Structure formats: C-alpha cells, structure tokens
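K.L.:
I am sharing structure-v1.cif, which consists of mmCIF, C-alpha atoms:
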data_structure
loop_
_atom_site.group_PDB
_atom_site.id
_atom_site.type_symbol
_atom_site.label_atom_id
_atom_site.label_comp_id
_atom_site.auth_asym_id
_atom_site.auth_seq_id
_atom_site.Cartn_x
_atom_site.Cartn_y
_atom_site.Cartn_z
ATOM 1 C CA MET I 17 81.955 137.624 17.024
ATOM 2 C CA SER I 18 79.435 137.867 19.825
ATOM 3 C CA TYR I 19 75.722 138.005 19.422
ATOM 4 C CA ASP I 20 73.772 140.682 21.227
ATOM 5 C CA PRO I 21 70.080 140.301 21.687
ATOM 6 C CA PRO I 22 67.940 142.963 19.998
ATOM 7 C CA GLY I 23 67.158 146.027 22.058
ATOM 8 C CA ARG I 24 70.028 145.494 24.495
ATOM 9 C CA ASP I 25 72.688 148.116 24.933
ATOM 10 C CA PRO I 26 76.121 146.449 24.890
ATOM 11 C CA VAL I 27 77.596 148.955 27.273
ATOM 12 C CA ALA I 28 74.745 148.669 29.689
ATOM 13 C CA GLY I 29 74.900 144.907 29.423
ATOM 14 C CA ASP I 30 78.521 144.868 30.419
ATOM 15 C CA ALA I 31 77.824 147.144 33.323
ATOM 16 C CA ASP I 32 75.001 144.906 34.539
ATOM 17 C CA SER I 33 77.187 141.852 34.190
ATOM 18 C CA SER I 34 80.002 143.375 36.192
ATOM 19 C CA ALA I 35 77.559 144.631 38.792
ATOM 20 C CA SER I 36 76.076 141.167 39.202
ATOM 21 C CA GLN I 37 79.543 139.774 39.956
ATOM 22 C CA GLU I 38 80.272 142.175 42.799
ATOM 23 C CA PRO I 39 80.120 140.678 46.259
ATOM 24 C CA PRO I 40 77.139 141.523 48.445
ATOM 25 C CA PRO I 41 77.584 144.343 50.931
ATOM 26 C CA ASP I 42 79.034 143.471 54.349
ATOM 27 C CA ARG I 43 75.794 144.064 56.123
ATOM 28 C CA ASP I 44 74.045 141.380 54.033
ATOM 29 C CA ARG I 45 76.819 138.767 54.483
ATOM 30 C CA PRO I 46 76.448 136.388 57.462
ATOM 31 C CA ARG I 47 79.341 136.887 59.883
ATOM 32 C CA ASP I 48 81.570 133.958 60.755
ATOM 33 C CA PRO I 49 82.137 134.044 64.545
ATOM 34 C CA LEU I 50 85.728 132.788 64.042
ATOM 35 C CA SER I 51 86.615 135.298 61.363
ATOM 36 C CA ALA I 52 88.468 137.499 63.814
ATOM 37 C CA PHE I 53 90.958 134.666 64.346
ATOM 38 C CA SER I 54 91.274 133.588 60.691
ATOM 39 C CA THR I 55 94.437 134.116 58.697
ATOM 40 C CA PRO I 56 93.952 135.562 55.213
ATOM 41 C CA SER I 57 94.716 133.106 52.456
ATOM 42 C CA ALA I 58 98.073 133.571 50.845
ATOM 43 C CA SER I 59 96.594 132.991 47.376
ATOM 44 C CA ARG I 60 94.206 135.932 47.648
ATOM 45 C CA SER I 61 95.263 138.883 45.508
ATOM 46 C CA ASP I 62 95.715 142.336 46.930
ATOM 47 C CA ASP I 63 92.804 143.653 44.842
ATOM 48 C CA ALA I 64 90.327 141.009 46.053
ATOM 49 C CA PRO I 65 88.075 142.056 48.963
ATOM 50 C CA ASP I 66 89.030 140.460 52.330
ATOM 51 C CA TYR I 67 85.858 138.946 53.722
ATOM 52 C CA ASP I 68 87.660 137.390 56.700
ATOM 53 C CA ALA I 69 89.254 140.580 58.000
ATOM 54 C CA PRO I 70 87.859 141.809 61.352
ATOM 55 C CA ARG I 71 85.180 144.388 60.871
ATOM 56 C CA TYR I 72 83.401 146.691 63.218
ATOM 57 C CA VAL I 73 79.911 145.440 64.076
ATOM 58 C CA GLU I 74 77.225 147.784 65.208
ATOM 59 C CA PRO I 75 75.786 146.987 68.688
ATOM 60 C CA ALA I 76 72.304 146.532 67.244
ATOM 61 C CA GLN I 77 73.624 144.070 64.665
ATOM 62 C CA ALA I 78 75.577 142.126 67.317
ATOM 63 C CA ALA I 79 72.460 141.841 69.471
ATOM 64 C CA GLU I 80 70.493 140.618 66.510
ATOM 65 C CA SER I 81 73.128 137.900 65.810
ATOM 66 C CA ALA I 82 73.168 136.795 69.431
ATOM 67 C CA ASP I 83 69.404 136.343 69.480
ATOM 68 C CA ALA I 84 69.776 133.574 66.933
ATOM 69 C CA TYR I 85 71.456 131.311 69.577
ATOM 70 C CA THR I 86 69.206 132.013 72.522
ATOM 71 C CA ASP I 87 67.250 128.814 72.005
ATOM 72 C CA VAL I 88 70.367 126.566 72.313
ATOM 73 C CA PRO I 89 70.505 124.901 75.800
ATOM 74 C CA ALA I 90 73.596 125.858 77.765
ATOM 75 C CA SER I 91 74.074 122.207 78.756
ATOM 76 C CA LEU I 92 74.990 121.343 75.157
ATOM 77 C CA GLU I 93 77.852 123.786 74.921
ATOM 78 C CA LEU I 94 80.593 122.083 77.029
ATOM 79 C CA SER I 95 78.989 118.901 78.315
ATOM 80 C CA TYR I 96 80.546 116.458 75.898
ATOM 81 C CA SER I 97 82.243 113.400 77.347
ATOM 82 C CA SER I 98 84.271 110.588 75.887
ATOM 83 C CA ARG I 99 81.156 108.404 75.892
ATOM 84 C CA ASP I 100 79.265 111.021 73.804
ATOM 85 C CA LEU I 101 82.018 110.762 71.238
ATOM 86 C CA GLY I 102 81.819 106.983 71.161
ATOM 87 C CA LEU I 103 85.017 106.472 73.165
ATOM 88 C CA SER I 104 85.719 104.364 76.194
ATOM 89 C CA GLU I 105 85.895 106.125 79.546
ATOM 90 C CA TYR I 106 89.538 105.012 79.736
ATOM 91 C CA ALA I 107 90.423 106.547 76.362
ATOM 92 C CA TYR I 108 92.246 109.441 77.997
ATOM 93 C CA GLU I 109 94.337 107.157 80.147
ATOM 94 C CA ARG I 110 95.240 105.033 77.132
ATOM 95 C CA SER I 111 96.099 108.127 75.114
ATOM 96 C CA PHE I 112 98.357 109.486 77.907
ATOM 97 C CA PRO I 113 99.587 106.392 79.800
ATOM 98 C CA HIS I 114 102.508 108.249 81.413
ATOM 99 C CA GLU I 115 100.128 110.549 83.262
ATOM 100 C CA ARG I 116 98.216 107.571 84.634
ATOM 101 C CA ARG I 117 101.461 105.910 85.713
ATOM 102 C CA ASP I 118 102.631 109.098 87.406
ATOM 103 C CA ARG I 119 99.378 109.468 89.327
ATOM 104 C CA PHE I 120 99.430 105.803 90.324
ATOM 105 C CA ALA I 121 103.085 105.977 91.395
ATOM 106 C CA SER I 122 102.533 109.141 93.453
ATOM 107 C CA GLY I 123 99.510 107.564 95.144
ATOM 108 C CA GLN I 124 101.480 104.432 95.940
ATOM 109 C CA ARG I 125 104.354 106.513 97.300
ATOM 110 C CA ALA I 126 102.040 108.500 99.568
ATOM 111 C CA ARG I 127 100.384 105.325 100.876
ATOM 112 C CA ARG I 128 103.767 103.696 101.483
ATOM 113 C CA ILE I 129 105.082 106.727 103.386
ATOM 114 C CA GLY I 130 101.913 106.860 105.490
ATOM 115 C CA ARG I 131 102.085 103.154 106.274
ATOM 116 C CA GLU I 132 105.765 103.348 107.220
ATOM 117 C CA LEU I 133 105.086 106.349 109.443
ATOM 118 C CA VAL I 134 102.302 104.524 111.293
ATOM 119 C CA GLU I 135 104.452 101.403 111.660
ATOM 120 C CA THR I 136 107.344 103.484 113.029
ATOM 121 C CA VAL I 137 105.122 105.175 115.608
ATOM 122 C CA ILE I 138 103.629 101.856 116.736
ATOM 123 C CA LEU I 139 107.064 100.200 116.919
ATOM 124 C CA ALA I 140 108.496 103.120 118.912
ATOM 125 C CA ALA I 141 105.570 102.945 121.348
ATOM 126 C CA LEU I 142 106.012 99.181 121.798
ATOM 127 C CA ILE I 143 109.752 99.570 122.403
ATOM 128 C CA PHE I 144 109.143 102.386 124.878
ATOM 129 C CA PHE I 145 106.626 100.411 126.939
ATOM 130 C CA ALA I 146 108.730 97.243 126.744
ATOM 131 C CA VAL I 147 111.828 99.053 127.992
ATOM 132 C CA LYS I 148 109.796 100.844 130.659
ATOM 133 C CA ALA I 149 108.521 97.488 131.899
ATOM 134 C CA VAL I 150 112.002 96.042 132.447
ATOM 135 C CA ILE I 151 114.268 99.074 133.011
ATOM 136 C CA GLN I 152 113.970 102.008 135.405
ATOM 137 C CA ASN I 153 116.348 104.865 136.089
ATOM 138 C CA PHE I 154 117.348 105.781 139.646
ATOM 139 C CA ARG I 155 119.297 108.617 141.266
ATOM 140 C CA VAL I 156 121.462 107.852 144.287
ATOM 141 C CA GLU I 157 120.781 110.233 147.178
ATOM 142 C CA GLY I 158 123.078 110.349 150.155
ATOM 143 C CA ALA I 159 126.226 108.550 151.202
ATOM 144 C CA SER I 160 124.782 105.317 152.615
ATOM 145 C CA MET I 161 126.206 103.185 149.786
ATOM 146 C CA GLN I 162 129.716 104.600 149.674
ATOM 147 C CA PRO I 163 132.224 103.590 148.417
ATOM 148 C CA SER I 164 130.251 101.462 145.910
ATOM 149 C CA LEU I 165 127.899 104.290 144.893
ATOM 150 C CA GLN I 166 128.318 108.032 145.228
ATOM 151 C CA ASN I 167 125.747 110.734 145.823
ATOM 152 C CA GLN I 168 123.821 111.919 142.694
ATOM 153 C CA GLU I 169 125.000 109.074 140.492
ATOM 154 C CA LEU I 170 122.456 107.846 137.918
ATOM 155 C CA LEU I 171 121.715 104.141 137.594
ATOM 156 C CA LEU I 172 119.656 101.768 135.483
ATOM 157 C CA VAL I 173 117.635 99.231 137.456
ATOM 158 C CA ASN I 174 116.892 95.783 136.044
ATOM 159 C CA LYS I 175 113.253 95.107 136.933
ATOM 160 C CA ALA I 176 112.916 91.894 134.938
ATOM 161 C CA ILE I 177 115.402 89.807 136.897
ATOM 162 C CA TYR I 178 113.034 89.350 139.873
ATOM 163 C CA PHE I 179 109.794 88.909 137.902
ATOM 164 C CA ARG I 180 107.364 86.539 139.573
ATOM 165 C CA LEU I 181 104.803 84.309 137.872
ATOM 166 C CA ASP I 182 101.421 83.504 139.369
ATOM 167 C CA MET I 183 101.249 79.786 138.601
ATOM 168 C CA ASP I 184 97.471 79.613 139.054
ATOM 169 C CA ARG I 185 97.049 82.257 136.378
ATOM 170 C CA VAL I 186 99.554 80.492 134.148
ATOM 171 C CA HIS I 187 97.555 77.280 134.593
ATOM 172 C CA THR I 188 94.433 79.126 133.382
ATOM 173 C CA PHE I 189 96.079 79.861 130.024
ATOM 174 C CA LEU I 190 98.311 76.777 129.869
ATOM 175 C CA PRO I 191 96.318 73.873 131.372
ATOM 176 C CA PHE I 192 99.184 71.412 130.912
ATOM 177 C CA ILE I 193 101.154 73.330 133.586
ATOM 178 C CA ASP I 194 100.054 72.348 137.059
ATOM 179 C CA GLY I 195 99.470 75.448 139.193
ATOM 180 C CA ASP I 196 97.189 74.199 141.963
ATOM 181 C CA GLY I 197 98.499 75.151 145.367
ATOM 182 C CA GLU I 198 101.906 76.210 144.115
ATOM 183 C CA GLU I 199 103.580 79.438 145.178
ATOM 184 C CA ASP I 200 104.636 82.124 142.743
ATOM 185 C CA ARG I 201 107.802 81.336 140.860
ATOM 186 C CA HIS I 202 110.537 83.689 139.752
ATOM 187 C CA LEU I 203 110.925 84.012 136.027
ATOM 188 C CA PHE I 204 114.725 84.197 136.342
ATOM 189 C CA ARG I 205 115.819 84.125 139.982
ATOM 190 C CA ALA I 206 115.132 85.495 143.461
ATOM 191 C CA PRO I 207 117.290 88.157 145.150
ATOM 192 C CA ARG I 208 120.581 86.821 146.490
ATOM 193 C CA ARG I 209 123.014 87.869 149.168
ATOM 194 C CA GLY I 210 125.182 90.677 147.829
ATOM 195 C CA ASP I 211 122.610 92.036 145.317
ATOM 196 C CA VAL I 212 122.274 95.806 145.328
ATOM 197 C CA ILE I 213 118.515 96.359 145.149
ATOM 198 C CA VAL I 214 116.146 99.315 144.770
ATOM 199 C CA PHE I 215 112.930 99.030 146.763
ATOM 200 C CA LYS I 216 110.010 101.072 148.044
ATOM 201 C CA PHE I 217 110.279 102.044 151.668
ATOM 202 C CA HIS I 218 107.312 103.296 153.688
ATOM 203 C CA LEU I 219 108.422 106.262 155.756
ATOM 204 C CA ALA I 220 107.459 106.590 159.397
ATOM 205 C CA SER I 221 105.269 109.637 158.831
ATOM 206 C CA GLU I 222 102.093 108.845 156.920
ATOM 207 C CA HIS I 223 102.073 112.215 155.157
ATOM 208 C CA GLU I 224 105.576 111.518 153.780
ATOM 209 C CA GLY I 225 104.352 108.425 151.925
ATOM 210 C CA GLU I 226 107.116 106.238 150.513
ATOM 211 C CA ARG I 227 110.480 106.625 148.834
ATOM 212 C CA ASP I 228 112.800 104.479 146.761
ATOM 213 C CA PHE I 229 115.829 103.257 148.717
ATOM 214 C CA ILE I 230 118.941 101.436 147.545
ATOM 215 C CA LYS I 231 120.747 98.942 149.797
ATOM 216 C CA ARG I 232 122.615 95.644 149.627
ATOM 217 C CA VAL I 233 120.946 92.315 150.447
ATOM 218 C CA ILE I 234 122.646 90.667 153.445
ATOM 219 C CA GLY I 235 120.105 88.093 154.609
ATOM 220 C CA VAL I 236 117.604 86.064 152.525
ATOM 221 C CA PRO I 237 114.521 84.199 153.845
ATOM 222 C CA GLY I 238 115.504 81.675 156.509
ATOM 223 C CA ASP I 239 118.855 83.304 157.375
ATOM 224 C CA THR I 240 119.634 84.230 160.979
ATOM 225 C CA VAL I 241 121.351 87.623 161.033
ATOM 226 C CA GLU I 242 123.440 89.012 163.865
ATOM 227 C CA VAL I 243 125.775 92.009 164.090
ATOM 228 C CA LYS I 244 128.390 92.087 166.841
ATOM 229 C CA ASP I 245 132.064 92.812 167.303
ATOM 230 C CA SER I 246 132.036 94.998 164.143
ATOM 231 C CA THR I 247 131.131 91.938 162.081
ATOM 232 C CA VAL I 248 127.985 90.657 160.383
ATOM 233 C CA PHE I 249 127.156 87.001 161.052
ATOM 234 C CA ILE I 250 124.880 84.863 158.872
ATOM 235 C CA ASN I 251 123.720 81.637 160.494
ATOM 236 C CA GLY I 252 126.575 81.973 162.958
ATOM 237 C CA SER I 253 129.277 82.438 160.300
ATOM 238 C CA PRO I 254 130.974 85.810 159.687
ATOM 239 C CA LEU I 255 130.729 87.587 156.331
ATOM 240 C CA VAL I 256 133.946 88.629 154.617
ATOM 241 C CA GLU I 257 133.146 92.078 153.194
ATOM 242 C CA ASP I 258 135.839 93.900 151.239
ATOM 243 C CA TYR I 259 133.421 96.382 149.609
ATOM 244 C CA ILE I 260 132.301 98.314 152.723
ATOM 245 C CA LEU I 261 133.545 101.765 153.717
ATOM 246 C CA ASN I 262 133.805 100.964 157.422
ATOM 247 C CA THR I 263 132.763 98.292 159.908
ATOM 248 C CA PRO I 264 129.605 98.612 161.982
ATOM 249 C CA THR I 265 129.791 99.971 165.512
ATOM 250 C CA TYR I 266 126.345 98.731 166.556
ATOM 251 C CA THR I 267 124.867 95.400 167.539
ATOM 252 C CA TYR I 268 121.838 93.662 166.126
ATOM 253 C CA GLY I 269 119.966 90.409 166.601
ATOM 254 C CA PRO I 270 120.146 87.601 166.218
ATOM 255 C CA LYS I 271 116.944 87.566 164.146
ATOM 256 C CA THR I 272 115.663 85.174 161.511
ATOM 257 C CA VAL I 273 114.526 86.598 158.192
ATOM 258 C CA PRO I 274 110.859 85.614 157.620
ATOM 259 C CA PRO I 275 109.665 84.096 154.322
ATOM 260 C CA GLY I 276 109.206 86.606 151.534
ATOM 261 C CA HIS I 277 111.441 89.213 153.247
ATOM 262 C CA TYR I 278 115.074 90.363 153.026
ATOM 263 C CA PHE I 279 117.570 91.931 155.442
ATOM 264 C CA VAL I 280 119.468 94.867 153.861
ATOM 265 C CA LEU I 281 122.363 97.111 154.920
ATOM 266 C CA GLY I 282 124.195 100.057 153.379
ATOM 267 C CA ASP I 283 127.879 99.708 152.464
ATOM 268 C CA ASN I 284 128.614 102.751 154.625
ATOM 269 C CA ARG I 285 127.759 100.825 157.787
ATOM 270 C CA ARG I 286 128.122 103.763 160.150
ATOM 271 C CA ASN I 287 126.017 106.157 158.101
ATOM 272 C CA SER I 288 123.077 104.180 156.708
ATOM 273 C CA TYR I 289 119.414 104.041 157.611
ATOM 274 C CA ASP I 290 118.682 100.355 156.997
ATOM 275 C CA SER I 291 117.358 97.146 158.526
ATOM 276 C CA HIS I 292 119.331 97.446 161.770
ATOM 277 C CA GLN I 293 117.434 100.693 162.632
ATOM 278 C CA TRP I 294 113.957 100.123 161.258
ATOM 279 C CA SER I 295 112.836 98.150 164.311
ATOM 280 C CA ASN I 296 113.253 101.175 166.587
ATOM 281 C CA GLY I 297 109.757 102.254 167.612
ATOM 282 C CA CYS I 298 108.137 99.484 165.551
ATOM 283 C CA PRO I 299 105.081 97.757 167.125
ATOM 284 C CA ALA I 300 105.750 94.211 168.261
ATOM 285 C CA GLU I 301 103.084 92.783 165.981
ATOM 286 C CA GLN I 302 104.749 94.211 162.876
ATOM 287 C CA VAL I 303 107.855 93.112 161.039
ATOM 288 C CA CYS I 304 109.767 96.315 160.381
ATOM 289 C CA ASP I 305 113.356 95.086 160.098
ATOM 290 C CA PHE I 306 113.005 93.498 156.660
ATOM 291 C CA VAL I 307 112.040 94.439 153.119
ATOM 292 C CA PRO I 308 108.986 92.581 151.730
ATOM 293 C CA GLU I 309 109.731 91.060 148.340
ATOM 294 C CA GLU I 310 106.708 92.779 146.773
ATOM 295 C CA ASN I 311 108.371 96.125 147.573
ATOM 296 C CA ILE I 312 111.523 95.287 145.606
ATOM 297 C CA ILE I 313 111.659 97.149 142.276
ATOM 298 C CA GLY I 314 114.758 95.507 140.837
ATOM 299 C CA GLN I 315 118.503 95.072 140.902
ATOM 300 C CA ALA I 316 120.867 98.013 140.374
ATOM 301 C CA TRP I 317 122.473 97.140 137.068
ATOM 302 C CA VAL I 318 124.434 99.905 135.315
ATOM 303 C CA ARG I 319 125.880 103.243 136.390
ATOM 304 C CA TYR I 320 125.553 105.622 133.405
ATOM 305 C CA TRP I 321 126.359 108.981 134.977
ATOM 306 C CA PRO I 322 128.934 110.403 135.434
ATOM 307 C CA TRP I 323 130.558 109.141 132.240
ATOM 308 C CA ASP I 324 133.908 108.471 133.841
ATOM 309 C CA ALA I 325 132.243 106.061 136.283
ATOM 310 C CA PHE I 326 130.190 104.247 133.613
ATOM 311 C CA GLY I 327 129.985 100.515 134.236
ATOM 312 C CA LEU I 328 128.245 97.627 135.952
ATOM 313 C CA ILE I 329 127.296 97.765 139.605
ATOM 314 C CA ASN I 330 129.300 95.479 141.917
ATOM 315 C CA ASN I 331 126.623 92.959 142.844
ATOM 316 C CA GLU I 332 128.772 90.738 145.014
ATOM 317 C CA THR I 333 128.156 87.073 145.748
ATOM 318 C CA LEU I 334 128.319 86.770 149.535
ATOM 319 C CA LYS I 335 128.962 83.471 151.259
ATOM 320 C CA PRO I 336 129.565 83.177 154.986
ATOM 321 C CA SER I 337 133.012 81.921 155.881
ATOM 322 C CA ALA I 338 133.627 79.060 158.261
ATOM 323 C CA PRO I 339 133.040 80.060 161.904
#
Using the file provided, produce a representation of the structure as structure tokens.
P.N.:
Amino acid sequence: MSYDPPGRDPVAGDADSSASQEPPPDRDRPRDPLSAFSTPSASRSDDAPDYDAPRYVEPAQAAESADAYTDVPASLELSYSSRDLGLSEYAYERSFPHERRDRFASGQRARRIGRELVETVILAALIFFAVKAVIQNFRVEGASMQPSLQNQELLLVNKAIYFRLDMDRVHTFLPFIDGDGEEDRHLFRAPRRGDVIVFKFHLASEHEGERDFIKRVIGVPGDTVEVKDSTVFINGSPLVEDYILNTPTYTYGPKTVPPGHYFVLGDNRRNSYDSHQWSNGCPAEQVCDFVPEENIIGQAWVRYWPWDAFGLINNETLKPSAP
C-alpha cells in the first residue's frame, strides 16, 4: 500500500511523474554533429523516441550552432602529426614497411636505369671516336686501279697502321725514353712497296683544293725508279707485276725517291693520273712526283661493297727481281 502525502491528488501526481520522465523537446537538446551518420541501436524499442535520427534544422538554429566554434583556430583542425601523438616520425614506415620498400626499390630502379643509360651513351661515344680515329671509309672513283678495284666500290681504310710518334713529346711524358734528336717513329710500320694507300692530293688549280686519291706504292724513300720498255725498274731491277691491267706505254726517270716521300702508280697503267705525270708543269724547285708521308691517310684494308666482292684488299709485297 502506497502512502500519498496530504493534499496531493493521486491522479495529478501520476501525471506529473510521467510528464517529468518525458524527454526534452528537440529544440532544447544539443545536436550531435555525427548523428546524421549514426546507426540506430538494435536494442531500442519501436516505441522509444529516436534521438539519433536525422532531423531538419532551421537555418537560424544552424547558424547559432556554428557560432559556437568560431573561436577555434583553423590550424588545430587537421594539423596533427605523428610527433603530436607521441609517435616517432618513422612510425608510418614501420607500420607499412612494404610501402617503404616499394618506394625504395622504385627509386633504386630509376637510378640504375639512368646510370646505365648515361654509361651506354658515353661508351657509344668513346667507341665512335675510337673507330673514327683508326678507320675511314672511302669510295673508289674511276678506273685507275682496275682490275684490283672497280669504280664506286666502298672500302675501309686502316689509318692506324702508319701512325707516327713524336719521340720528343713521348720523352716529355716518359722521361726514361730518350727522344732527343730522334726522328718520328712509326707505331706499327711505314708504307711498303705494294701497299694500296689512300692519300690527300693537292690539285693543280687552287680553287679545286685537294682530293683523296688511291694508288699503289711502287717506290719507297731511297729507291731509284725508272719506267722503260713497258716495265718498272726499282734500283735497276725489274718488278714482276701480275696484278696490273696492262703494261705502261710511257717512260719515266730514273729518279730517286726523297726521304719522307713515296712513288705511286695505278694498276691500270695506261689510264691513271699518278706519279709519272705529276711532274708535268711542276716548278723545278718543287718535288711534285712523289707523295709526302704526311699526306698519307692510311692503307686500303677491306672492300665492303658490293657484297659479292667483300674481302681484303690485295696489298702485294713487291720485291725487284734479279736484273
């Protein structure tokens, strides 16, 4: 049995009690900014009011709620770092080590590819200049070297075989090598009789400049050359030449080849502009019959075009026979 205080209406008391248990109106309840994303609790009964359900907010009320956060600095909203949370600056990398490894591996791969590319370019440039220093291509023009070489054939010229060393300069870098008063030395060898050489030839007309010629060495420094009776004589002994197209019909000499010069003829003896003609119209004080060694580019080495004629050039070894 319940006790009711004097002067209190039981019915009214119950009504006041139930009224005091009702939730406050929505306008008096502070709004949770995340309520629109909240999921209603599964334990809530269907009759219970849903305080987390999205509700329409009047514009004036929304402005009033926003004014409450106007004093919060914007720098505090998203400026947290791992150090602010008491973590090491490498905490992210330790938490996701695979990402760090991937970034490191991709960086290493990019650096390796870049380094290999630079090395390839430098190596290609070195090979190009090295080959250019020792090899030169040459196109045969004319019929002066038939039958050994045909018109428009393409050759490779070996420039290294006749390289010369300045011994005084070598002595500067290598003092133990005596270079005082010595002449230049060939790195491999000097031109020999029978070598097919490419050289620079100064044309008669000054405006024409110079051209590259190809001929065969017949006389070396100190040789006495003479052409008579359709035969070439070296130091009085005839040359046996089985590589020429035809025998010469002219006469020449005898003349001695000066030091540092070479006497050259074409294999097509009757159709070649070579040493036997260069003296025509040449001043007496000049030596026009011979090729200076400094004008020699190199030895004709390989024929590479046309393909069916690919092969080495016939650089013969010529020795005068007994008179």
K.L.:
Hey, what comes out of the PyMOL selection byres ((chain I and resi 169-179) around 9) on this file? Could you write it as number ranges by chain?
P.N.:
I: 149-157, 165-168, 180-181, 201-207, 213-214, 312-322, 325, 329
K.L.:
Applied to the shown file, which residues does the PyMOL selection byres ((chain I and resi 294-297) around 12) return, written as a PyMOL selection string?
P.N.:
chain I and resi 217-220+268-269+271+279-281+288-293+298-307
K.L.:
Can I get the selection written as a PDB file, in the frame of the given file, with C-alpha atoms?
P.N.:
ATOM      1  CA  PHE I 217     110.279 102.044 151.668  1.00  0.00           C
ATOM      2  CA  HIS I 218     107.312 103.296 153.688  1.00  0.00           C
ATOM      3  CA  LEU I 219     108.422 106.262 155.756  1.00  0.00           C
ATOM      4  CA  ALA I 220     107.459 106.590 159.397  1.00  0.00           C
ATOM      5  CA  TYR I 268     121.838  93.662 166.126  1.00  0.00           C
ATOM      6  CA  GLY I 269     119.966  90.409 166.601  1.00  0.00           C
ATOM      7  CA  LYS I 271     116.944  87.566 164.146  1.00  0.00           C
ATOM      8  CA  PHE I 279     117.570  91.931 155.442  1.00  0.00           C
ATOM      9  CA  VAL I 280     119.468  94.867 153.861  1.00  0.00           C
ATOM     10  CA  LEU I 281     122.363  97.111 154.920  1.00  0.00           C
ATOM     11  CA  SER I 288     123.077 104.180 156.708  1.00  0.00           C
ATOM     12  CA  TYR I 289     119.414 104.041 157.611  1.00  0.00           C
ATOM     13  CA  ASP I 290     118.682 100.355 156.997  1.00  0.00           C
ATOM     14  CA  SER I 291     117.358  97.146 158.526  1.00  0.00           C
ATOM     15  CA  HIS I 292     119.331  97.446 161.770  1.00  0.00           C
ATOM     16  CA  GLN I 293     117.434 100.693 162.632  1.00  0.00           C
ATOM     17  CA  CYS I 298     108.137  99.484 165.551  1.00  0.00           C
ATOM     18  CA  PRO I 299     105.081  97.757 167.125  1.00  0.00           C
ATOM     19  CA  ALA I 300     105.750  94.211 168.261  1.00  0.00           C
ATOM     20  CA  GLU I 301     103.084  92.783 165.981  1.00  0.00           C
ATOM     21  CA  GLN I 302     104.749  94.211 162.876  1.00  0.00           C
ATOM     22  CA  VAL I 303     107.855  93.112 161.039  1.00  0.00           C
ATOM     23  CA  CYS I 304     109.767  96.315 160.381  1.00  0.00           C
ATOM     24  CA  ASP I 305     113.356  95.086 160.098  1.00  0.00           C
ATOM     25  CA  PHE I 306     113.005  93.498 156.660  1.00  0.00           C
ATOM     26  CA  VAL I 307     112.040  94.439 153.119  1.00  0.00           C
TER      27      VAL I 307
END
K.L.:
I'd like the interatomic distance between CA of Pro275 in chain I and CA of Asp200 in chain I, to a tenth of an Å.
P.N.:
12.8 Å
K.L.:
List as number ranges by chain the protein and nucleic acid residues near range 250-262 of chain I, meaning an atom at most 12 Å away when all atoms listed in the file are counted, but skip any in the same chain fewer than 6 places from it.
P.N.:
I: 159-166, 209-210, 212, 231-244, 268-273, 279, 281-288, 329-339
K.L.:
Provide the CA of Asn311 in chain I to CA of Asp182 in chain I distance in Å, to one decimal place.
P.N.:
16.6 Å
K.L.:
Go ahead and compute the interatomic distance for CA of Thr267 in chain I and CA of Val248 in chain I, in Å to one decimal.
P.N.:
9.1 Å
